[in-house]
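*Asks:* Structure supplied as final-v2.cif; contents: mmCIF, C-alpha atoms.
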data_coords
#
loop_
_atom_site.label_atom_id
_atom_site.label_comp_id
_atom_site.auth_asym_id
_atom_site.auth_seq_id
_atom_site.Cartn_x
_atom_site.Cartn_y
_atom_site.Cartn_z
CA MET A 1 106.13 96.77 104.87
CA LYS A 2 107.07 93.98 102.46
CA PHE A 3 107.90 95.05 98.91
CA PHE A 4 105.34 94.90 96.12
CA GLU A 5 107.02 91.81 94.61
CA ASP A 6 106.86 89.97 97.93
CA ILE A 7 103.09 90.32 98.31
CA GLN A 8 100.65 87.89 96.69
CA VAL A 9 96.93 88.01 96.08
CA GLY A 10 95.35 86.17 99.00
CA ASP A 11 97.92 87.30 101.57
CA ALA A 12 96.05 88.13 104.79
CA PHE A 13 96.98 90.28 107.78
CA ASP A 14 95.37 90.05 111.21
CA TYR A 15 95.62 93.42 112.93
CA GLY A 16 94.15 92.67 116.34
CA ARG A 17 91.14 93.92 118.28
CA TYR A 18 89.65 97.18 119.52
CA THR A 19 87.02 97.53 122.25
CA PHE A 20 84.45 100.32 122.01
CA THR A 21 83.47 102.00 125.29
CA ALA A 22 80.94 104.72 126.02
CA GLU A 23 83.90 107.01 126.71
CA ASN A 24 85.80 106.43 123.47
CA ILE A 25 82.59 106.40 121.37
CA LYS A 26 81.49 109.77 122.76
CA ALA A 27 84.98 111.31 122.71
CA PHE A 28 85.39 110.49 119.02
CA ALA A 29 81.88 111.56 118.05
CA MET A 30 82.03 114.86 119.96
CA ARG A 31 84.88 115.88 117.68
CA TYR A 32 83.87 114.51 114.29
CA ASP A 33 80.32 113.14 114.20
CA PRO A 34 78.18 114.57 117.01
CA GLN A 35 74.86 113.02 115.95
CA THR A 36 72.76 112.39 119.06
CA PHE A 37 72.91 108.58 118.84
CA HIS A 38 76.73 108.80 119.04
CA VAL A 39 77.03 111.27 121.95
CA ASP A 40 73.95 111.02 124.19
CA GLU A 41 72.83 107.71 125.77
CA ALA A 42 69.28 108.89 126.50
CA ALA A 43 68.72 110.20 122.97
CA ALA A 44 70.29 107.04 121.54
CA GLU A 45 67.82 104.89 123.51
CA ARG A 46 64.96 106.77 121.85
CA SER A 47 66.51 106.38 118.38
CA HIS A 48 66.07 103.41 116.04
CA PHE A 49 69.46 102.14 117.30
CA GLY A 50 68.04 101.65 120.82
CA ALA A 51 71.35 102.47 122.53
CA LEU A 52 74.56 104.43 122.06
CA VAL A 53 76.39 103.41 118.85
CA ALA A 54 79.85 104.28 117.55
CA SER A 55 80.24 106.61 114.58
CA GLY A 56 81.06 104.57 111.49
CA TRP A 57 84.14 106.76 111.12
CA HIS A 58 85.29 105.63 114.56
CA THR A 59 84.75 101.98 113.49
CA ALA A 60 86.94 102.69 110.46
CA LEU A 61 89.63 104.69 112.27
CA ALA A 62 90.11 101.91 114.85
CA TRP A 63 91.00 99.69 111.87
CA MET A 64 93.37 102.30 110.45
CA ARG A 65 95.27 102.66 113.72
CA LEU A 66 95.61 98.90 114.23
CA MET A 67 96.79 98.49 110.62
CA VAL A 68 99.42 101.23 110.95
CA ASP A 69 100.66 99.70 114.23
CA TYR A 70 100.80 96.25 112.61
CA ARG A 71 102.85 97.57 109.69
CA ARG A 72 105.23 99.33 112.09
CA ARG A 73 105.80 96.08 114.00
CA MET A 74 106.41 94.29 110.67
CA ASP A 75 108.94 96.97 109.68
CA GLU A 76 110.74 96.71 113.02
CA ALA A 77 110.99 92.92 112.70
CA MET A 78 112.31 93.19 109.13
CA LEU A 79 114.86 95.84 110.08
CA ALA A 80 115.98 93.69 113.03
CA ARG A 81 116.71 90.90 110.54
CA GLY A 82 118.70 93.32 108.40
CA GLU A 83 116.07 93.38 105.64
CA PRO A 84 115.10 96.58 103.81
CA VAL A 85 111.49 97.74 104.23
CA ALA A 86 109.22 99.08 101.51
CA GLY A 87 107.51 102.44 101.67
CA ILE A 88 103.72 102.32 101.54
CA GLY A 89 101.24 105.01 100.60
CA PRO A 90 99.74 107.35 99.87
CA ALA A 91 96.42 105.64 99.26
CA LEU A 92 94.30 106.62 96.28
CA GLY A 93 91.04 106.12 98.11
CA PHE A 94 88.61 103.41 99.03
CA ARG A 95 85.30 101.99 97.82
CA GLU A 96 82.45 99.74 98.91
CA LEU A 97 82.73 100.76 102.55
CA LYS A 98 79.87 99.14 104.45
CA TRP A 99 78.71 99.38 108.03
CA PRO A 100 76.38 96.36 108.10
CA THR A 101 75.88 96.14 111.88
CA PRO A 102 75.98 98.99 114.41
CA VAL A 103 78.78 98.97 116.98
CA TYR A 104 77.49 99.23 120.56
CA VAL A 105 79.19 99.95 123.89
CA GLY A 106 81.29 96.93 124.95
CA ASP A 107 81.69 95.51 121.45
CA THR A 108 85.14 94.18 120.59
CA VAL A 109 85.98 94.22 116.89
CA ALA A 110 88.68 92.09 115.23
CA TYR A 111 90.16 93.64 112.09
CA ARG A 112 91.98 92.05 109.16
CA SER A 113 92.81 92.62 105.49
CA GLU A 114 93.31 90.41 102.46
CA VAL A 115 95.11 91.39 99.26
CA ILE A 116 92.76 91.10 96.28
CA GLU A 117 94.67 92.74 93.42
CA LEU A 118 98.24 93.76 92.51
CA ARG A 119 99.03 95.83 89.46
CA PRO A 120 101.82 98.08 88.20
CA SER A 121 101.49 101.84 88.49
CA ASN A 122 101.78 103.76 85.24
CA SER A 123 102.29 107.09 86.96
CA ARG A 124 104.84 105.94 89.55
CA PRO A 125 107.09 103.20 88.13
CA LYS A 126 108.95 102.78 91.43
CA SER A 127 105.72 101.58 93.02
CA GLY A 128 102.96 99.10 92.41
CA LEU A 129 99.31 99.42 93.37
CA MET A 130 98.00 97.07 96.04
CA THR A 131 94.24 96.65 96.47
CA PHE A 132 93.00 94.93 99.62
CA ARG A 133 89.70 94.19 101.30
CA SER A 134 89.57 94.98 105.01
CA SER A 135 86.97 93.91 107.50
CA GLY A 136 85.96 94.22 111.12
CA VAL A 137 83.94 91.51 112.90
CA ASN A 138 82.41 91.86 116.36
CA GLN A 139 82.56 89.36 119.22
CA ASN A 140 79.41 87.64 117.91
CA GLY A 141 80.92 87.09 114.47
CA LYS A 142 78.82 89.86 112.89
CA PRO A 143 80.54 92.08 110.30
CA VAL A 144 80.62 95.75 111.35
CA LEU A 145 82.96 97.15 108.66
CA SER A 146 84.20 96.21 105.23
CA LEU A 147 85.97 98.26 102.59
CA VAL A 148 88.28 97.96 99.60
CA SER A 149 91.31 100.26 99.47
CA THR A 150 94.11 100.85 97.00
CA THR A 151 97.54 102.18 97.92
CA PHE A 152 100.98 102.63 96.41
CA LEU A 153 103.57 100.10 97.57
CA GLU A 154 107.27 100.41 96.77
CA ARG A 155 108.81 97.93 94.33
CA ARG A 156 112.01 96.02 95.10
CA GLU A 157 113.15 96.15 91.49
CA LYS A 158 112.51 99.52 89.93
CA SER A 159 110.95 98.97 86.56
CA PRO A 160 112.07 101.35 83.77
CA MET B 161 53.63 116.89 114.04
CA PRO B 162 55.17 119.77 112.11
CA THR B 163 58.93 120.14 112.43
CA THR B 164 61.60 122.38 110.97
CA LYS B 165 64.06 119.51 110.79
CA LEU B 166 65.17 118.43 107.31
CA HIS B 167 63.60 115.17 106.20
CA PHE B 168 63.91 112.88 103.20
CA GLU B 169 61.31 114.97 101.36
CA ASP B 170 63.47 118.10 101.60
CA PHE B 171 66.19 116.82 99.25
CA GLU B 172 65.91 116.74 95.45
CA PRO B 173 68.34 115.33 92.89
CA GLY B 174 70.64 118.04 91.58
CA ALA B 175 70.40 120.25 94.67
CA VAL B 176 73.78 121.79 95.52
CA ALA B 177 74.87 123.33 98.82
CA VAL B 178 78.20 124.48 100.27
CA TYR B 179 79.13 124.08 103.94
CA GLY B 180 82.03 125.40 106.00
CA PRO B 181 84.59 126.94 105.91
CA ARG B 182 87.00 125.37 108.34
CA LEU B 183 90.69 126.20 108.70
CA VAL B 184 92.84 123.10 109.13
CA THR B 185 95.97 123.74 111.17
CA ARG B 186 99.25 121.84 111.30
CA GLU B 187 98.60 121.06 114.97
CA GLU B 188 95.27 119.47 114.13
CA ILE B 189 96.74 117.40 111.27
CA VAL B 190 99.53 116.08 113.47
CA ALA B 191 97.26 115.42 116.47
CA PHE B 192 94.77 113.46 114.38
CA ALA B 193 97.53 111.42 112.77
CA ALA B 194 99.22 110.70 116.09
CA GLU B 195 95.96 109.25 117.37
CA PHE B 196 94.57 107.40 114.34
CA ASP B 197 97.03 107.25 111.43
CA PRO B 198 100.60 107.68 112.74
CA GLN B 199 102.46 107.47 109.44
CA PRO B 200 105.47 109.77 108.93
CA MET B 201 103.86 111.66 106.01
CA HIS B 202 101.16 112.96 108.40
CA LEU B 203 103.42 113.66 111.40
CA ASP B 204 106.68 115.25 110.43
CA GLU B 205 107.73 117.65 107.63
CA ALA B 206 111.18 116.17 107.06
CA ALA B 207 109.91 112.59 106.94
CA ALA B 208 106.93 113.65 104.83
CA SER B 209 109.09 115.35 102.20
CA ALA B 210 110.82 112.01 101.56
CA THR B 211 107.49 110.27 100.81
CA LEU B 212 105.29 110.28 97.73
CA LEU B 213 103.12 112.89 99.47
CA GLY B 214 106.04 115.34 99.03
CA GLY B 215 105.45 117.18 102.32
CA LEU B 216 103.23 117.11 105.37
CA GLY B 217 99.62 116.36 104.49
CA ALA B 218 96.58 115.32 106.48
CA SER B 219 95.59 111.69 106.73
CA GLY B 220 92.95 110.99 104.10
CA TRP B 221 90.83 109.65 106.93
CA HIS B 222 91.20 112.99 108.69
CA VAL B 223 89.73 114.64 105.59
CA CYS B 224 86.80 112.19 105.79
CA CYS B 225 86.26 113.10 109.46
CA LEU B 226 86.51 116.83 108.71
CA LEU B 227 83.93 116.39 105.96
CA MET B 228 81.65 114.57 108.41
CA ARG B 229 81.97 117.34 110.99
CA ILE B 230 81.39 120.10 108.41
CA ILE B 231 78.22 118.46 107.07
CA ALA B 232 77.10 117.59 110.62
CA ASP B 233 77.22 121.30 111.50
CA GLY B 234 75.96 122.21 108.03
CA PHE B 235 72.77 120.15 107.99
CA VAL B 236 72.97 116.64 109.41
CA LEU B 237 72.43 117.69 113.04
CA ASN B 238 69.33 119.58 111.88
CA SER B 239 67.96 116.58 110.02
CA SER B 240 66.14 113.34 110.69
CA SER B 241 69.40 111.44 109.99
CA MET B 242 69.26 107.76 110.80
CA GLY B 243 72.90 107.14 109.96
CA SER B 244 74.45 105.64 106.83
CA PRO B 245 74.83 102.11 105.49
CA GLY B 246 78.20 102.95 103.98
CA ILE B 247 80.29 104.87 101.47
CA ASP B 248 80.28 104.03 97.77
CA GLU B 249 83.61 105.64 97.08
CA VAL B 250 86.22 108.08 98.38
CA ARG B 251 89.02 109.42 96.22
CA TRP B 252 91.89 111.47 97.54
CA HIS B 253 92.89 113.77 94.66
CA LYS B 254 95.31 116.20 96.33
CA PRO B 255 96.97 116.37 99.75
CA LEU B 256 95.36 118.58 102.41
CA ARG B 257 98.23 120.82 103.53
CA PRO B 258 98.46 122.70 106.84
CA GLY B 259 96.81 126.13 106.81
CA THR B 260 94.23 125.28 104.15
CA GLN B 261 90.69 126.53 104.57
CA ILE B 262 88.29 123.89 103.33
CA ARG B 263 84.60 123.80 102.47
CA VAL B 264 82.33 120.96 101.44
CA ARG B 265 80.19 121.11 98.31
CA SER B 266 77.29 118.69 98.40
CA THR B 267 75.25 117.51 95.42
CA VAL B 268 72.17 115.31 95.79
CA LEU B 269 72.47 112.44 93.30
CA GLU B 270 69.46 110.26 94.03
CA CYS B 271 66.47 110.02 96.38
CA ARG B 272 64.55 106.80 96.87
CA PRO B 273 62.16 105.59 99.53
CA SER B 274 63.25 102.49 101.45
CA LYS B 275 61.30 99.43 100.34
CA SER B 276 61.73 97.61 103.63
CA ARG B 277 61.33 100.55 106.03
CA PRO B 278 58.47 102.96 105.25
CA GLU B 279 59.70 105.44 107.87
CA MET B 280 62.93 105.98 105.97
CA GLY B 281 64.35 107.18 102.65
CA LEU B 282 67.79 106.76 101.10
CA THR B 283 69.50 109.88 99.76
CA LYS B 284 72.72 109.57 97.80
CA PHE B 285 75.13 112.51 97.96
CA ARG B 286 78.35 113.42 96.24
CA TYR B 287 80.55 115.54 98.50
CA GLU B 288 83.61 117.45 97.37
CA VAL B 289 86.14 118.87 99.81
CA ILE B 290 87.41 122.04 98.17
CA ASP B 291 90.14 124.52 99.10
CA GLU B 292 90.20 128.34 98.88
CA ALA B 293 90.95 128.15 95.13
CA ASP B 294 88.01 125.77 94.57
CA ILE B 295 90.40 122.89 93.90
CA CYS B 296 88.89 119.56 94.83
CA LEU B 297 90.99 117.62 97.37
CA MET B 298 88.62 114.69 97.94
CA THR B 299 85.36 113.35 96.60
CA MET B 300 82.98 111.06 98.45
CA VAL B 301 79.82 109.34 97.26
CA THR B 302 77.65 108.09 100.09
CA THR B 303 74.07 107.30 101.03
CA ALA B 304 72.30 108.82 104.00
CA MET B 305 69.31 107.24 105.72
CA LEU B 306 66.83 110.04 106.38
CA GLY B 307 63.55 109.86 108.24
CA ARG B 308 60.40 110.66 106.23
CA ARG B 309 58.21 113.56 107.21
CA HIS B 310 55.10 111.58 106.49
CA GLU B 311 55.43 107.87 106.87
CA ALA B 312 54.56 106.17 103.58
CA GLN B 313 51.34 104.19 103.47
CA PRO B 314 52.10 100.47 103.30
#
Show the structure stored in the file as structure tokens.

*Replies:*
Amino acid sequence: MKFFEDIQVGDAFDYGRYTFTAENIKAFAMRYDPQTFHVDEAAAERSHFGALVASGWHTALAWMRLMVDYRRRMDEAMLARGEPVAGIGPALGFRELKWPTPVYVGDTVAYRSEVIELRPSNSRPKSGLMTFRSSGVNQNGKPVLSLVSTTFLERREKSP
Amino acid sequence: MPTTKLHFEDFEPGAVAVYGPRLVTREEIVAFAAEFDPQPMHLDEAAASATLLGGLGASGWHVCCLLMRIIADGFVLNSSSMGSPGIDEVRWHKPLRPGTQIRVRSTVLECRPSKSRPEMGLTKFRYEVIDEADICLMTMVTTAMLGRRHEAQP
């Protein structure tokens, strides 16, 4: 990851896409969120969703995985250029997570983030706090996920 | 039609319940992280000790998923759940370390009928993931959409 000083408010990161299938929707939900509309097509058809839908946690975890992979590729590229990489995390939490549109079988979601706030950390002077808004949009341009998260990000220059 | 399932009407502000327990193993922490959040602090003790987490800890998103599964088994699967529009806030207070037995304490914060959908109510919960010593590892505030036992008259 880039260092805290090298990030600016407005910086955006495109993480790529994830396609939801009946198999991956049910496999995720069987483990963590086995509500009938996430695990059983027939029951889902009778529900207000009208068809099988992904757990919102699955919609969020697909974002998390793509973001971690993106950061790893960024680190590898920086290391290949001989640049030091900054440590990121742990995160403090997140807020305003919304699932505005259900995710159905066959949906492909594109995920991205944009930095919305940067501030020093009082508790950990070697790090700053980066706040970013992340979103997932389906193939029809409909938002399926948005959230605001805050995480520690290592500083290049250690403040006293 | 009478039903034993929990509906919107069965929740009142201030009601507290505890669900679980569930033992979280190192294997489970590492397997979840390898699939969804493969950062060193969730995968490997040596790498984790060099991070701000100070040792192997579960992905915060794993704790969210464990909470979901514990409340699913605790009451959601026996309710008229219609899903959730989102999460107001999650805070990760302490790392979830391997071998911890967790429970979820739920407090009903607010109950309001949906204005646009008479078949549904919105119930806001605060959930706390707590360890054996009752130390809170994570808090979550979220709204559940619950079916109404008796559809409101328009």

*Asks:* The PyMOL selection byres ((chain B) within 9 of (chain A)) on the file shown: which residues, as number ranges by chain?

*Replies:* B: 195-199, 201, 211-213, 220-221, 224-230, 232-233, 236-237, 241-253, 298

*Asks:* Restricting the calculation to all atoms listed in the file, which member of A:Arg155, A:Met78, A:Gly10, A:Met1 is positioned closest to Ile116 (chain A)?

*Replies:*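 Comparing A:Arg155, A:Met78, A:Gly10, A:Met1 against Ile116 (chain A), the winner is A:Gly10.
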
*Asks:* Running the PyMOL selection byres ((chain B and resi 185) around 9) on this model by hand, what would come out? Give it as a ChimeraX atom specification.

*Replies:* /B:183-184,186-190,257-261

*Asks:* Translate the PyMOL selection byres ((chain A and resi 15) around 6) into a concrete residue list for this structure, as a PyMOL selection string.

*Replies:* chain A and resi 14+16+66-67+70+111-112

*Asks:* At a cut-off of 8 Å from (90.0, 92.9, 119.0) in the coordinates of the file, what residues are picked up using only C-alpha atoms, written as a list in words?

*Replies:*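 Result, sorted by chain then residue number: Gly16, Arg17, Tyr18, Thr19, Thr108, Val109, Ala110 and Tyr111 of chain A.
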
*Asks:* Could you take the residues named above and write them with C-alpha atoms, as a PDB file, keeping the file's coordinate frame?

*Replies:*
ATOM      1  CA  GLY A  16      94.150  92.670 116.340  1.00  0.00           C
ATOM      2  CA  ARG A  17      91.140  93.920 118.280  1.00  0.00           C
ATOM      3  CA  TYR A  18      89.650  97.180 119.520  1.00  0.00           C
ATOM      4  CA  THR A  19      87.020  97.530 122.250  1.00  0.00           C
ATOM      5  CA  THR A 108      85.140  94.180 120.590  1.00  0.00           C
ATOM      6  CA  VAL A 109      85.980  94.220 116.890  1.00  0.00           C
ATOM      7  CA  ALA A 110      88.680  92.090 115.230  1.00  0.00           C
ATOM      8  CA  TYR A 111      90.160  93.640 112.090  1.00  0.00           C
TER       9      TYR A 111
END

*Asks:* What is the CA of Asp75 (chain A)-CA of Asp6 (chain A) distance in Å, reported with one decimal?

*Replies:*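 That distance, rounded to one decimal, is 13.8 Å.
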
*Asks:* Work out how far apart CA of Glu5 (chain A) and CA of Lys254 (chain B) are and give it in Å to one decimal.

*Replies:*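 The value is 27.1 Å.
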
*Asks:* Measure the distance from CA of Gly215 (chain B) to CA of Met130 (chain A) in Å and round it to one decimal.

*Replies:*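 Value for the CA of Gly215 (chain B)-CA of Met130 (chain A) distance: 22.3 Å.
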
*Asks:* Just the residues within 9 Å of Asp291 (chain B), please, counting all atoms listed in the file, with nothing from its chain fewer than 4 positions along; format it as a PDB file with C-alpha atoms, in the frame of the given file.

*Replies:*
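File produced: result-v9.pdb:
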ATOM      1  CA  LEU B 256      95.360 118.580 102.410  1.00  0.00           C
ATOM      2  CA  THR B 260      94.230 125.280 104.150  1.00  0.00           C
ATOM      3  CA  GLN B 261      90.690 126.530 104.570  1.00  0.00           C
ATOM      4  CA  ILE B 262      88.290 123.890 103.330  1.00  0.00           C
ATOM      5  CA  ARG B 263      84.600 123.800 102.470  1.00  0.00           C
ATOM      6  CA  VAL B 264      82.330 120.960 101.440  1.00  0.00           C
ATOM      7  CA  ILE B 295      90.400 122.890  93.900  1.00  0.00           C
ATOM      8  CA  CYS B 296      88.890 119.560  94.830  1.00  0.00           C
ATOM      9  CA  LEU B 297      90.990 117.620  97.370  1.00  0.00           C
TER      10      LEU B 297
END

*Asks:* So which residues fall inside 7 Å of (83.3, 119.1, 97.0) if we count all atoms listed in the file? Mind giving them as a PyMOL selection string?

*Replies:* chain B and resi 264-266+287-290+296+298-299

*Asks:* Given all atoms listed in the file as the basis, pick out the residue of B:Phe192, B:Phe285, B:Phe171, B:Tyr179 nearest to Ser240 (chain B).

*Replies:*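 Ranking B:Phe192, B:Phe285, B:Phe171, B:Tyr179 by distance to Ser240 (chain B), first place goes to B:Phe171.
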
*Asks:* Calculate, to one decimal in Å, the centre and edge lengths of the box along x, y and z of the file that holds all listed atoms of region 132-141 of chain A with 4 Å of margin on each side, and present them as lines of an AutoDock Vina configuration file.

*Replies:*
center_x = 86.2
center_y = 91.0
center_z = 109.4
size_x = 21.6
size_y = 15.9
size_z = 27.6
